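K.L.:
One structure is given below, represented as structure tokens, and several questions about it will come after.
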Amino acid sequence: MGMGGKEDKNSTTFEVSLHTALGHDEWATMLEKRHAETGMELVATRIADAPTGVCIVISGDEDRAFMTQSGSMAKLTTEMLDMAKLRQAKHLHIGGFFSVPKLQAGLADLVRELRATTPELTVSLDTNYDASETWGRDGTGYLDALLGEVDVFLPNETEACAIADTKDIREAAQNLCLRLRSPGGAAIVTNGAEGCLVAEKTMGNETNVQVHTVPGARVSSIVDATGAGDAFNAAFLHAWISGASLTEAASKGVLGGTVAILHEGACDTLLTPWLMERLAENVQDSEEGEQ
């Protein structure tokens with residue numbers, strides 16, 4: 001068993017604050033200790049009548065299963081968040097949209113409120129899997145409202161196709177890109193060993209979407225795929241926020257995800273620039289050896 005989670009993986013190098021909800025239990029104590037060790041600020045609302053949310057991943061050779069006790073996360077609302085802290089942010093990453101039902105209603109308004117004081121704020125979103133399998137078509141309009149405020153959407157191929165209601169990953173990427181914030185807005189759809197698709201609007205034409213393929217890195221074997229998508233997000237966001245283009249950042253994301261699958265657990269091995277550089281060198285050497 002190990003630490004994990006969408007926001008934890010996005011915490012290396014930049015000053016990052018995790019805004020979440022915890023119970024009063026050993027899980028909360030473990031999280032606090034882990035964040036203190038990594039230097040990541042934990043801004044947590046304490047929920048008196050619920051345990052800390054826990055997700056256990058059962059990882060096999062062919063597939064994985066997730067067992068989730070939502071606990072405190074099911075009670076988290078935007079009113080519980082520290083707005084003073086959030087107003088200091090230059091980038092806001094929203095992870096696990098479908099896992100925080102009471103938070104969903106206020107997220108679009110939250111982003112608009114933050115942008116009123118910080119117009120340059122950029123926002124990214126990773127929904128995770130929707131256990132209800134309604135994929136935003138639940139009559140609330142919460143997902144669509146939030147997508148309209150998002151600069152970068154980071155689903156995997158299953159999530160993207162389900163939300164866009166299509167079986168074609170390229171069509172899904174284009175569809176989702178058009179639903180994002182204008183001007184700009186990009187959908188980065190991860191696709192396992194195949195790498196990812198980068199869907200971005202053509203400059204000067206917000207209705208035309210270009211889709212680029214960023215190939216995956218070749219590896220001889222996979223140790224554990226747990227956390228690979230979150231590692232992709234972390235590496236992508238680090239590069240993109242630092243000024244890289246979308247395709248350049250996506251290439252970094254692929255390397256980040258590849259680092260994750262070569263180690264056990266989601267967060268036991270912290271993603272670092274050094275690890276990614278070493279992997280990039282090994283991948284290049286391997287490709288040159290095959291030529």
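Following the order of the structure tokens, chains are lettered A, B, ..., residues in each are numbered from 1, and ligands are numbered from 1.
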Which of stretch 120-251 of chain A counts as strand (DSSP E) under DSSP, as a count of residues only please?

P.N.:
29

K.L.:
Could you give me, as a ChimeraX atom specification, the residues within 8 Å of A:His212, counting only C-alpha atoms and dropping anything in the same chain fewer than 3 positions from it?

P.N.:
/A:197-199,247

K.L.:
How about saving the chosen residues, C-alpha atoms kept, as a PDB file, in the first residue's frame?

P.N.:
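again.pdb, written as the output of this step:
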```
ATOM      1  CA  LEU A 197      -3.687  13.220 -28.402  1.00  0.00           C
ATOM      2  CA  VAL A 198      -3.383  17.002 -28.187  1.00  0.00           C
ATOM      3  CA  ALA A 199      -6.483  18.810 -29.458  1.00  0.00           C
ATOM      4  CA  THR A 247       2.842  19.274 -27.666  1.00  0.00           C
TER       5      THR A 247
END
```

K.L.:
Just the residues within 10 Å of stretch 38-48 of chain A, please, counting only C-alpha atoms, with nothing from its chain fewer than 2 positions along; format it as JSON, numbers by chain.

P.N.:
{"A": [8, 11, 12, 13, 14, 15, 16, 17, 18, 19, 20, 21, 22, 23, 24, 28, 31, 32, 33, 34, 35, 36, 50, 51, 52, 71, 72, 73, 75, 76, 77, 80, 81, 82, 85, 270]}

K.L.:
For A:Ala145, please output as an MDAnalysis selection string all residues within 12 Å (counting only C-alpha atoms; exclusion window: fewer than 2 positions along the same chain).

P.N.:
chainID A and resid 104:112 136 139:143 147:150 179:181

K.L.:
Listing only residues of stretch 95-199 of chain A within 9 Å of stretch 251-261 of chain A, what is the closest atom pair and its distance in Å (to one decimal) for each, using only C-alpha atoms, sorted by chain and residue number ascending, as a tab-separated table?

P.N.:
```
residue	atom	partner	partner_atom	distance
A:Thr190	CA	A:Val254	CA	8.5
A:Gly192	CA	A:Gly257	CA	8.9
A:Ala193	CA	A:Thr258	CA	8.9
A:Gly195	CA	A:Val254	CA	6.2
A:Cys196	CA	A:Val254	CA	7.6
```

K.L.:
Excluding A:Asn191 and any residue of its chain fewer than 3 positions from it, enumerate the residues within 10 Å of it, using only C-alpha atoms, and give them as a PyMOL selection string.

P.N.:
chain A and resi 155-158+169+188+194-197+214-216+229+254
